[in-house]
>>> print(open('start35.txt').read())   # compact mmCIF, C-alpha atoms
# COMPACT_ATOMS: atom_id res chain seq x y z
CA MET E 1 -0.12 -42.34 -25.78
CA TRP E 2 -2.79 -44.03 -27.86
CA GLN E 3 -3.02 -46.49 -30.75
CA TYR E 4 -6.05 -46.95 -32.97
CA GLU E 5 -7.39 -50.43 -33.80
CA LYS E 6 -9.32 -50.79 -37.05
CA LYS E 7 -12.32 -52.64 -35.57
CA LEU E 8 -15.44 -51.97 -33.50
CA GLN E 9 -15.59 -53.32 -29.94
CA TYR E 10 -18.98 -54.95 -30.77
CA PRO E 11 -20.54 -55.35 -34.23
CA VAL E 12 -22.94 -52.74 -35.64
CA LYS E 13 -24.94 -53.96 -38.67
CA ILE E 14 -28.12 -51.97 -39.27
CA LYS E 15 -30.06 -52.84 -42.44
CA THR E 16 -32.80 -50.16 -42.28
CA PRO E 17 -31.98 -46.42 -42.06
CA ASN E 18 -34.04 -44.54 -39.47
CA ALA E 19 -33.37 -40.81 -39.08
CA LYS E 20 -35.86 -40.42 -36.25
CA LEU E 21 -33.91 -42.93 -34.15
CA ALA E 22 -30.58 -41.28 -35.06
CA LYS E 23 -31.98 -38.03 -33.70
CA VAL E 24 -32.29 -39.51 -30.19
CA ILE E 25 -29.30 -41.89 -30.19
CA ILE E 26 -26.98 -38.95 -31.03
CA SER E 27 -27.35 -37.89 -27.39
CA GLN E 28 -24.96 -40.72 -26.47
CA LEU E 29 -22.38 -39.09 -28.77
CA GLY E 30 -22.49 -35.45 -27.68
CA GLY E 31 -25.12 -35.27 -24.95
CA PRO E 32 -24.78 -34.67 -21.18
CA ASP E 33 -24.37 -38.37 -20.31
CA GLY E 34 -22.82 -39.48 -23.58
CA GLU E 35 -19.68 -41.45 -24.39
CA LEU E 36 -17.52 -38.40 -25.21
CA SER E 37 -18.16 -36.74 -21.85
CA ALA E 38 -17.51 -40.11 -20.15
CA SER E 39 -14.16 -40.57 -21.86
CA LEU E 40 -12.96 -37.00 -21.22
CA ARG E 41 -14.13 -37.16 -17.60
CA TYR E 42 -12.05 -40.26 -16.79
CA LEU E 43 -8.98 -39.35 -18.82
CA ASN E 44 -8.85 -35.90 -17.18
CA GLN E 45 -9.41 -37.20 -13.66
CA ARG E 46 -6.45 -39.61 -13.81
CA TYR E 47 -3.84 -37.04 -12.79
CA ALA E 48 -5.30 -36.32 -9.35
CA MET E 49 -5.65 -40.02 -8.53
CA PRO E 50 -3.03 -41.33 -6.06
CA TYR E 51 -3.79 -45.07 -6.44
CA GLY E 52 -2.35 -47.21 -9.22
CA GLU E 53 -5.49 -49.37 -9.35
CA VAL E 54 -7.70 -46.33 -9.99
CA LYS E 55 -5.21 -44.68 -12.36
CA GLY E 56 -5.40 -47.91 -14.34
CA LEU E 57 -9.21 -48.05 -14.13
CA LEU E 58 -9.64 -44.44 -15.31
CA THR E 59 -7.15 -44.99 -18.16
CA ASP E 60 -8.75 -48.24 -19.29
CA ILE E 61 -12.41 -47.18 -18.95
CA GLY E 62 -11.64 -43.75 -20.50
CA THR E 63 -10.10 -45.63 -23.44
CA GLU E 64 -13.05 -48.04 -23.71
CA GLU E 65 -15.46 -45.06 -23.81
CA LEU E 66 -13.69 -43.87 -26.98
CA ALA E 67 -14.48 -47.25 -28.52
CA HIS E 68 -18.13 -46.71 -27.50
CA PHE E 69 -18.00 -43.23 -29.04
CA GLU E 70 -16.97 -44.94 -32.27
CA MET E 71 -19.78 -47.53 -31.96
CA ILE E 72 -22.40 -44.78 -31.50
CA SER E 73 -20.92 -43.00 -34.55
CA ALA E 74 -21.20 -46.24 -36.56
CA ILE E 75 -24.86 -46.62 -35.48
CA LEU E 76 -25.58 -43.00 -36.53
CA TYR E 77 -23.72 -43.46 -39.82
CA GLN E 78 -25.74 -46.56 -40.69
CA LEU E 79 -29.07 -45.07 -39.53
CA THR E 80 -28.62 -41.97 -41.73
CA LYS E 81 -27.13 -43.61 -44.84
CA ASP E 82 -29.10 -43.37 -48.14
CA LEU E 83 -31.98 -41.32 -46.73
CA SER E 84 -34.30 -39.54 -49.15
CA ILE E 85 -35.13 -35.84 -48.68
CA GLU E 86 -38.72 -36.87 -47.96
CA GLU E 87 -37.57 -39.17 -45.13
CA ILE E 88 -35.32 -36.41 -43.75
CA LYS E 89 -38.24 -33.95 -43.70
CA ALA E 90 -40.77 -36.40 -42.29
CA SER E 91 -38.47 -37.66 -39.49
CA GLY E 92 -37.58 -34.23 -38.11
CA PHE E 93 -33.93 -34.91 -38.95
CA ASP E 94 -34.03 -31.76 -41.14
CA THR E 95 -32.99 -29.52 -38.22
CA TYR E 96 -29.72 -31.50 -37.92
CA PHE E 97 -29.37 -31.96 -41.68
CA VAL E 98 -29.36 -28.23 -42.39
CA ASP E 99 -26.19 -27.72 -40.31
CA HIS E 100 -24.33 -31.03 -40.74
CA THR E 101 -25.91 -32.85 -43.72
CA THR E 102 -25.26 -36.48 -42.60
CA GLY E 103 -21.85 -35.71 -41.10
CA ILE E 104 -21.33 -37.01 -37.54
CA TYR E 105 -21.19 -34.11 -35.06
CA PRO E 106 -21.43 -34.38 -31.24
CA VAL E 107 -24.70 -32.82 -30.10
CA ALA E 108 -27.37 -33.76 -27.57
CA ALA E 109 -30.79 -34.95 -28.80
CA SER E 110 -32.00 -31.39 -28.11
CA GLY E 111 -29.41 -30.10 -30.62
CA ALA E 112 -27.15 -28.49 -28.00
CA PRO E 113 -23.51 -28.96 -29.06
CA PHE E 114 -21.11 -30.94 -26.88
CA THR E 115 -19.57 -29.01 -24.00
CA ALA E 116 -16.99 -29.81 -21.28
CA ALA E 117 -19.56 -28.42 -18.81
CA TYR E 118 -21.10 -31.93 -18.91
CA PHE E 119 -18.37 -33.32 -16.62
CA GLN E 120 -16.13 -32.43 -13.70
CA SER E 121 -12.56 -33.10 -12.66
CA LYS E 122 -12.53 -31.95 -9.06
CA GLY E 123 -9.10 -33.08 -7.86
CA ASP E 124 -10.73 -34.84 -4.89
CA ILE E 125 -10.64 -38.61 -5.22
CA LEU E 126 -13.95 -39.41 -3.47
CA THR E 127 -15.79 -36.59 -5.24
CA ASP E 128 -14.46 -37.79 -8.60
CA ILE E 129 -15.23 -41.48 -8.06
CA GLN E 130 -18.78 -40.65 -6.94
CA GLU E 131 -19.27 -38.49 -10.03
CA ASP E 132 -18.02 -41.42 -12.12
CA MET E 133 -20.48 -43.85 -10.51
CA ALA E 134 -23.34 -41.37 -11.05
CA ALA E 135 -22.23 -40.81 -14.67
CA GLU E 136 -22.39 -44.56 -15.39
CA GLN E 137 -25.93 -44.71 -13.94
CA LYS E 138 -27.05 -41.68 -15.98
CA ALA E 139 -25.66 -43.21 -19.16
CA ARG E 140 -27.40 -46.51 -18.30
CA THR E 141 -30.73 -44.66 -17.87
CA THR E 142 -30.20 -42.95 -21.25
CA TYR E 143 -29.65 -46.36 -22.88
CA ASP E 144 -32.81 -47.64 -21.14
CA ASN E 145 -34.71 -44.70 -22.66
CA ILE E 146 -33.25 -45.43 -26.11
CA LEU E 147 -34.41 -49.05 -25.73
CA ARG E 148 -37.92 -47.73 -24.94
CA LEU E 149 -37.84 -45.78 -28.22
CA ALA E 150 -36.14 -48.28 -30.54
CA ASP E 151 -37.91 -51.32 -32.07
CA ASP E 152 -35.29 -52.40 -34.63
CA PRO E 153 -33.40 -55.47 -33.27
CA ASP E 154 -30.31 -54.43 -35.29
CA VAL E 155 -30.19 -51.23 -33.22
CA ARG E 156 -31.27 -52.75 -29.90
CA ASP E 157 -28.48 -55.35 -29.92
CA PRO E 158 -25.43 -52.99 -29.83
CA ILE E 159 -27.38 -50.58 -27.57
CA ARG E 160 -27.94 -53.44 -25.09
CA PHE E 161 -24.22 -54.22 -25.17
CA LEU E 162 -23.38 -50.57 -24.43
CA ARG E 163 -25.94 -50.49 -21.61
CA GLU E 164 -24.31 -53.52 -20.00
CA ARG E 165 -20.90 -51.88 -20.15
CA GLU E 166 -22.29 -48.96 -18.09
CA ILE E 167 -23.26 -51.45 -15.36
CA VAL E 168 -19.84 -53.14 -15.38
CA HIS E 169 -18.07 -49.76 -15.19
CA TYR E 170 -20.33 -48.73 -12.30
CA GLN E 171 -19.37 -51.90 -10.43
CA ARG E 172 -15.64 -51.38 -11.06
CA PHE E 173 -15.76 -47.76 -9.80
CA GLY E 174 -17.75 -48.93 -6.78
CA GLU E 175 -14.96 -51.27 -5.64
CA PRO E 176 -12.28 -48.65 -4.86
CA PHE E 177 -15.02 -46.41 -3.42
CA ARG E 178 -16.20 -49.12 -1.01
CA SER E 179 -12.72 -50.14 0.06
CA TRP E 180 -11.85 -46.49 0.73
CA CYS E 181 -14.95 -46.08 2.94
CA LYS E 182 -14.22 -49.34 4.77
CA LYS E 183 -10.67 -48.23 5.52
CA ASN E 184 -11.28 -44.61 6.39
CA GLY E 185 -14.89 -44.47 7.56
CA PRO E 186 -17.71 -42.43 6.10
CA GLU E 187 -17.21 -39.61 8.63
CA LEU E 188 -14.08 -38.42 6.83
CA SER E 189 -14.68 -34.88 5.63
CA PRO E 190 -13.97 -33.95 2.01
CA GLY E 191 -11.34 -31.45 3.20
CA ARG E 192 -9.35 -34.23 4.87
CA VAL E 193 -9.60 -36.37 1.77
CA VAL E 194 -8.00 -33.61 -0.30
CA LEU E 195 -5.22 -33.32 2.28
CA PHE E 196 -4.68 -37.07 2.18
CA THR E 197 -4.48 -37.00 -1.61
CA PHE E 198 -1.90 -34.25 -1.34
CA LEU E 199 0.18 -36.17 1.20
CA GLN E 200 0.24 -39.26 -1.00
CA HIS E 201 2.38 -37.49 -3.58
CA MET W 1 19.78 -41.38 -17.15
CA ASN W 2 19.01 -44.90 -15.94
CA GLU W 3 18.69 -47.93 -18.18
CA ARG W 4 14.92 -48.02 -17.98
CA ASN W 5 14.57 -44.45 -19.24
CA MET W 6 17.21 -45.04 -21.92
CA LEU W 7 15.42 -48.08 -23.27
CA LEU W 8 12.05 -46.30 -23.14
CA GLY W 9 13.63 -43.34 -24.98
CA LYS W 10 14.74 -45.72 -27.71
CA ILE W 11 11.19 -47.10 -28.06
CA LYS W 12 9.81 -43.54 -28.24
CA LYS W 13 12.25 -42.67 -31.05
CA TYR W 14 11.29 -45.79 -33.02
CA ASP W 15 7.59 -45.06 -32.40
CA PHE W 16 7.96 -41.51 -33.64
CA THR W 17 9.78 -42.70 -36.77
CA LEU W 18 6.99 -45.24 -37.35
CA LYS W 19 4.34 -42.54 -36.83
CA GLU W 20 6.00 -40.25 -39.39
CA LEU W 21 6.29 -43.11 -41.90
CA ASN W 22 2.65 -44.05 -41.17
CA LEU W 23 1.40 -40.54 -42.03
CA TYR W 24 3.61 -40.39 -45.13
CA LEU W 25 2.36 -43.80 -46.26
CA ASP W 26 -1.27 -42.71 -45.74
CA THR W 27 -0.79 -40.30 -48.64
CA HIS W 28 1.80 -42.42 -50.52
CA PRO W 29 0.48 -46.00 -50.10
CA ASN W 30 2.59 -47.37 -52.99
CA CYS W 31 5.97 -46.00 -51.92
CA ARG W 32 8.24 -49.05 -51.61
CA ARG W 33 11.07 -47.13 -49.99
CA ALA W 34 8.83 -45.92 -47.17
CA LEU W 35 7.32 -49.40 -46.84
CA ALA W 36 10.80 -50.91 -46.44
CA MET W 37 11.73 -48.31 -43.82
CA PHE W 38 8.49 -48.99 -41.95
CA ARG W 39 9.30 -52.69 -41.85
CA LYS W 40 12.84 -52.02 -40.63
CA TYR W 41 11.79 -49.71 -37.77
CA LYS W 42 8.90 -51.98 -36.81
CA GLU W 43 11.44 -54.74 -36.17
CA LEU W 44 13.77 -52.48 -34.18
CA ARG W 45 10.80 -51.28 -32.15
CA SER W 46 9.58 -54.78 -31.50
CA ASP W 47 13.01 -55.92 -30.21
CA ALA W 48 13.34 -52.88 -27.94
CA ALA W 49 9.79 -53.28 -26.62
CA GLU W 50 10.37 -56.97 -25.96
CA GLU W 51 13.44 -56.20 -23.85
CA TYR W 52 11.71 -53.33 -22.04
CA THR W 53 8.58 -55.26 -21.08
CA ARG W 54 10.64 -58.26 -19.96
CA ARG W 55 12.81 -56.15 -17.66
CA PHE W 56 10.59 -53.27 -16.54
CA GLY W 57 6.94 -54.19 -17.06
CA PRO W 58 4.13 -53.63 -19.54
CA ILE W 59 3.53 -50.68 -21.89
CA THR W 60 0.09 -52.06 -22.81
CA PRO W 61 -2.19 -54.28 -20.66
CA GLU W 62 -1.72 -57.28 -23.00
CA GLN W 63 2.00 -57.32 -22.18
CA VAL W 64 1.47 -58.26 -18.52
CA SER W 65 3.30 -61.58 -18.09
CA ASP W 66 3.44 -61.88 -14.29
CA SER W 67 1.25 -64.78 -13.14
CA ARG W 68 0.87 -63.50 -9.57
CA ARG W 69 0.15 -59.81 -10.04
CA TRP W 70 -1.55 -57.53 -12.59
CA THR W 71 1.50 -55.27 -12.94
CA TRP W 72 -0.36 -52.92 -15.31
CA VAL W 73 -1.50 -50.84 -12.32
CA ASP W 74 2.02 -50.41 -10.89
CA ASP W 75 3.66 -46.96 -10.73
CA PRO W 76 5.10 -44.94 -12.36
CA TRP W 77 2.55 -43.67 -14.87
CA PRO W 78 3.81 -41.64 -17.84
CA TRP W 79 2.71 -38.27 -16.44
CA GLU W 80 4.63 -38.75 -13.21
CA ARG W 81 8.11 -37.24 -12.83
CA ARG W 82 10.44 -39.93 -11.53
>>> encode(input="start35.txt", output="structure tokens")
Amino acid sequence: MWQYEKKLQYPVKIKTPNAKLAKVIISQLGGPDGELSASLRYLNQRYAMPYGEVKGLLTDIGTEELAHFEMISAILYQLTKDLSIEEIKASGFDTYFVDHTTGIYPVAASGAPFTAAYFQSKGDILTDIQEDMAAEQKARTTYDNILRLADDPDVRDPIRFLREREIVHYQRFGEPFRSWCKKNGPELSPGRVVLFTFLQH
Amino acid sequence: MNERNMLLGKIKKYDFTLKELNLYLDTHPNCRRALAMFRKYKELRSDAAEEYTRRFGPITPEQVSDSRRWTWVDDPWPWERR
């Protein structure tokens, strides 16, 4: 089960609202490589995982992603607070505003609402871990793109922290992946991996 | 039922009581009776959790006390039937 802690993992203190920036950063809330899809991916994959170390990793990273989901929400909240109607119209935020006002709702930057189709839970440990490593890289690229678009140091600072976490998660997922390959060899077919997973139980 | 499951069951009951009091207090933040009950069950929960983690291992990562092994990753996990 879960407990909530009344604090952010890393501080978010943005002095200047910027709806245009909110429009792109929202992709890390409800977009294809965002924090919500990351969290649900790991928390759903845990059940097919036969190793305690990786069950722990998926639980702990899946939980940390929820804290990142909250940080992104805090960034969006502060970027869209006290906007004038003129600013909303000029920034292009009006297309979001008409449906959600300034409520926080998980969509991609394109406006597509969040969907579980953004992630997989394949029941095959190597397939899942490789998806997880790819997901961390895709999220890191998205943060790199946000850093290309954002000038405000108040925004760049928490975004840089989140980008670094993607790299750390990628490294942690890479460790069980590498030790599996070392032990079993890369020639192992996916079918045999599924069988092995089954036999572990 | 073994001792481990019995003790864990006790913690779950205290946690559920605390959760119910928590929700009630969210909408009745000045209710002294509920506040007193919350305090009482928090103590019972804390004693039970202390005994459980000492004898059977951590419920949260911060409770790992073993200096040789990170016992957080040890089986069983809550979704496993044991």
>>> atom_distance(input="start35.txt", atom1="CA of Lys89 in chain E", atom2="CA of Ala74 in chain E")
22.2 Å
>>> interface_residues(input="start35.txt", of="chain W", to="chain E", cutoff="7 Å", atoms="all atoms listed in the file", output="list in words")
Val73, Asp74 and Asp75 of chain W
>>> residues_around(input="start35.txt", residues="Gly31 in chain E", least_positions_apart="6", cutoff="12 Å", atoms="all atoms listed in the file", output="list in words")
Lys23, Val24, Ile25, Ser37, Ala38, Phe69, Ile72, Tyr105, Pro106, Val107, Ala108, Ala109, Ser110, Gly111, Ala112, Pro113, Phe114, Thr115, Ala116, Ala117, Tyr118, Phe119, Lys138, Ala139 and Thr142 of chain E
>>> residues_around(input="start35.txt", residues="Glu50 in chain W", least_positions_apart="5", cutoff="12 Å", atoms="all atoms listed in the file", output="list in words")
Leu7, Leu8, Ile11, Glu43, Leu44, Arg45, Arg55, Phe56, Gly57, Pro58, Ile59, Thr60, Gln63, Val64 and Ser65 of chain W
>>> atom_distance(input="start35.txt", atom1="CA of Ile159 in chain E", atom2="CA of Ile75 in chain E")
9.2 Å
>>> atom_distance(input="start35.txt", atom1="CA of Asn44 in chain E", atom2="CA of Gln130 in chain E")
15.0 Å
>>> residues_around(input="start35.txt", residues="Ile88 in chain E", least_positions_apart="3", cutoff="12 Å", atoms="all atoms listed in the file", output="list in words")
Pro17, Asn18, Ala19, Lys20, Leu21, Ala22, Lys23, Leu79, Thr80, Lys81, Asp82, Leu83, Ser84, Ile85, Ser91, Gly92, Phe93, Asp94, Thr95, Tyr96, Phe97, Val98, Thr101 and Thr102 of chain E
>>> axis_aligned_box(input="start35.txt", around="range 6-18 of chain E", padding_each_side="5 Å", output="JSON")
{"center_x": -21.7, "center_y": -49.9, "center_z": -36.2, "size_x": 34.7, "size_y": 20.8, "size_z": 22.5}
>>> residues_near_point(input="start35.txt", point="(10.6, -49.2, -44.4)", cutoff="12 Å", atoms="all atoms listed in the file", output="PyMOL selection string")
chain W and resi 14+17-22+24-25+30-44
>>> closest_residue(input="start35.txt", among="W:Lys10, W:Arg69, W:Asn5, W:Asp15", to="Ala48 in chain W", atoms="only C-alpha atoms")
W:Lys10
>>> decode(input="start35.txt", residues="range 105-145 of chain E", atoms="N, CA and C atoms", output="JSON list (two decimals), in the first residue's frame")
[["chain", "number", "residue", "atom", "x", "y", "z"],
["E", 105, "TYR", "N", -4.62, 18.46, -15.85],
["E", 105, "TYR", "CA", -5.20, 17.28, -16.50],
["E", 105, "TYR", "C", -4.13, 16.63, -17.38],
["E", 106, "PRO", "N", -3.96, 15.29, -17.30],
["E", 106, "PRO", "CA", -2.85, 14.65, -18.01],
["E", 106, "PRO", "C", -3.08, 14.53, -19.52],
["E", 107, "VAL", "N", -2.45, 15.40, -20.27],
["E", 107, "VAL", "CA", -2.48, 15.33, -21.74],
["E", 107, "VAL", "C", -1.04, 15.46, -22.25],
["E", 108, "ALA", "N", -0.84, 15.07, -23.50],
["E", 108, "ALA", "CA", 0.43, 15.32, -24.18],
["E", 108, "ALA", "C", 0.46, 16.77, -24.65],
["E", 109, "ALA", "N", 1.62, 17.26, -25.07],
["E", 109, "ALA", "CA", 1.72, 18.63, -25.57],
["E", 109, "ALA", "C", 0.79, 18.83, -26.77],
["E", 110, "SER", "N", 0.56, 17.77, -27.53],
["E", 110, "SER", "CA", -0.34, 17.84, -28.69],
["E", 110, "SER", "C", -1.79, 17.99, -28.28],
["E", 111, "GLY", "N", -2.11, 17.73, -27.00],
["E", 111, "GLY", "CA", -3.49, 17.78, -26.51],
["E", 111, "GLY", "C", -4.11, 16.41, -26.36],
["E", 112, "ALA", "N", -3.46, 15.36, -26.87],
["E", 112, "ALA", "CA", -4.00, 14.00, -26.74],
["E", 112, "ALA", "C", -4.05, 13.60, -25.27],
["E", 113, "PRO", "N", -5.22, 13.12, -24.79],
["E", 113, "PRO", "CA", -5.30, 12.74, -23.38],
["E", 113, "PRO", "C", -4.46, 11.51, -23.06],
["E", 114, "PHE", "N", -4.09, 11.37, -21.79],
["E", 114, "PHE", "CA", -3.28, 10.22, -21.37],
["E", 114, "PHE", "C", -3.97, 8.91, -21.72],
["E", 115, "THR", "N", -3.17, 7.93, -22.14],
["E", 115, "THR", "CA", -3.70, 6.60, -22.40],
["E", 115, "THR", "C", -2.70, 5.53, -21.96],
["E", 116, "ALA", "N", -3.23, 4.37, -21.52],
["E", 116, "ALA", "CA", -2.37, 3.25, -21.12],
["E", 116, "ALA", "C", -1.65, 2.65, -22.32],
["E", 117, "ALA", "N", -2.06, 3.05, -23.54],
["E", 117, "ALA", "CA", -1.36, 2.56, -24.74],
["E", 117, "ALA", "C", 0.08, 3.08, -24.81],
["E", 118, "TYR", "N", 0.44, 4.03, -23.93],
["E", 118, "TYR", "CA", 1.81, 4.56, -23.91],
["E", 118, "TYR", "C", 2.82, 3.57, -23.32],
["E", 119, "PHE", "N", 2.35, 2.53, -22.62],
["E", 119, "PHE", "CA", 3.32, 1.60, -22.02],
["E", 119, "PHE", "C", 2.87, 0.15, -22.19],
["E", 120, "GLN", "N", 3.82, -0.75, -21.92],
["E", 120, "GLN", "CA", 3.53, -2.18, -21.99],
["E", 120, "GLN", "C", 3.85, -2.85, -20.66],
["E", 121, "SER", "N", 3.20, -4.00, -20.45],
["E", 121, "SER", "CA", 3.56, -4.92, -19.38],
["E", 121, "SER", "C", 3.44, -6.27, -20.05],
["E", 122, "LYS", "N", 4.61, -6.82, -20.45],
["E", 122, "LYS", "CA", 4.60, -7.94, -21.39],
["E", 122, "LYS", "C", 4.68, -9.29, -20.69],
["E", 123, "GLY", "N", 5.01, -9.32, -19.41],
["E", 123, "GLY", "CA", 5.11, -10.59, -18.70],
["E", 123, "GLY", "C", 6.38, -11.35, -19.04],
["E", 124, "ASP", "N", 7.31, -10.71, -19.71],
["E", 124, "ASP", "CA", 8.59, -11.31, -20.09],
["E", 124, "ASP", "C", 9.67, -10.39, -19.52],
["E", 125, "ILE", "N", 10.49, -10.93, -18.61],
["E", 125, "ILE", "CA", 11.35, -10.05, -17.82],
["E", 125, "ILE", "C", 12.34, -9.25, -18.66],
["E", 126, "LEU", "N", 12.94, -9.88, -19.70],
["E", 126, "LEU", "CA", 13.91, -9.14, -20.51],
["E", 126, "LEU", "C", 13.22, -8.08, -21.36],
["E", 127, "THR", "N", 12.07, -8.45, -21.93],
["E", 127, "THR", "CA", 11.29, -7.50, -22.74],
["E", 127, "THR", "C", 10.92, -6.30, -21.88],
["E", 128, "ASP", "N", 10.44, -6.55, -20.66],
["E", 128, "ASP", "CA", 10.01, -5.46, -19.79],
["E", 128, "ASP", "C", 11.18, -4.57, -19.39],
["E", 129, "ILE", "N", 12.30, -5.17, -18.99],
["E", 129, "ILE", "CA", 13.44, -4.35, -18.55],
["E", 129, "ILE", "C", 13.97, -3.50, -19.70],
["E", 130, "GLN", "N", 13.97, -4.08, -20.92],
["E", 130, "GLN", "CA", 14.45, -3.28, -22.06],
["E", 130, "GLN", "C", 13.49, -2.15, -22.39],
["E", 131, "GLU", "N", 12.19, -2.39, -22.23],
["E", 131, "GLU", "CA", 11.22, -1.29, -22.41],
["E", 131, "GLU", "C", 11.49, -0.20, -21.37],
["E", 132, "ASP", "N", 11.81, -0.63, -20.14],
["E", 132, "ASP", "CA", 12.02, 0.34, -19.06],
["E", 132, "ASP", "C", 13.24, 1.21, -19.34],
["E", 133, "MET", "N", 14.33, 0.56, -19.85],
["E", 133, "MET", "CA", 15.54, 1.32, -20.17],
["E", 133, "MET", "C", 15.25, 2.31, -21.30],
["E", 134, "ALA", "N", 14.50, 1.85, -22.32],
["E", 134, "ALA", "CA", 14.15, 2.74, -23.44],
["E", 134, "ALA", "C", 13.27, 3.89, -22.94],
["E", 135, "ALA", "N", 12.33, 3.58, -22.03],
["E", 135, "ALA", "CA", 11.42, 4.61, -21.51],
["E", 135, "ALA", "C", 12.20, 5.71, -20.80],
["E", 136, "GLU", "N", 13.22, 5.32, -20.02],
["E", 136, "GLU", "CA", 14.02, 6.31, -19.30],
["E", 136, "GLU", "C", 14.77, 7.19, -20.29],
["E", 137, "GLN", "N", 15.28, 6.61, -21.37],
["E", 137, "GLN", "CA", 15.98, 7.40, -22.40],
["E", 137, "GLN", "C", 15.02, 8.36, -23.10],
["E", 138, "LYS", "N", 13.81, 7.88, -23.42],
["E", 138, "LYS", "CA", 12.83, 8.73, -24.10],
["E", 138, "LYS", "C", 12.43, 9.91, -23.21],
["E", 139, "ALA", "N", 12.26, 9.63, -21.92],
["E", 139, "ALA", "CA", 11.90, 10.71, -20.99],
["E", 139, "ALA", "C", 13.06, 11.70, -20.88],
["E", 140, "ARG", "N", 14.30, 11.18, -20.87],
["E", 140, "ARG", "CA", 15.48, 12.05, -20.80],
["E", 140, "ARG", "C", 15.54, 12.96, -22.03],
["E", 141, "THR", "N", 15.28, 12.41, -23.22],
["E", 141, "THR", "CA", 15.25, 13.22, -24.45],
["E", 141, "THR", "C", 14.18, 14.30, -24.37],
["E", 142, "THR", "N", 13.01, 13.94, -23.82],
["E", 142, "THR", "CA", 11.92, 14.92, -23.68],
["E", 142, "THR", "C", 12.37, 16.07, -22.77],
["E", 143, "TYR", "N", 13.05, 15.73, -21.65],
["E", 143, "TYR", "CA", 13.56, 16.78, -20.77],
["E", 143, "TYR", "C", 14.62, 17.62, -21.47],
["E", 144, "ASP", "N", 15.46, 16.99, -22.29],
["E", 144, "ASP", "CA", 16.44, 17.76, -23.08],
["E", 144, "ASP", "C", 15.72, 18.75, -23.98],
["E", 145, "ASN", "N", 14.64, 18.30, -24.63],
["E", 145, "ASN", "CA", 13.88, 19.19, -25.51],
["E", 145, "ASN", "C", 13.24, 20.33, -24.73]]
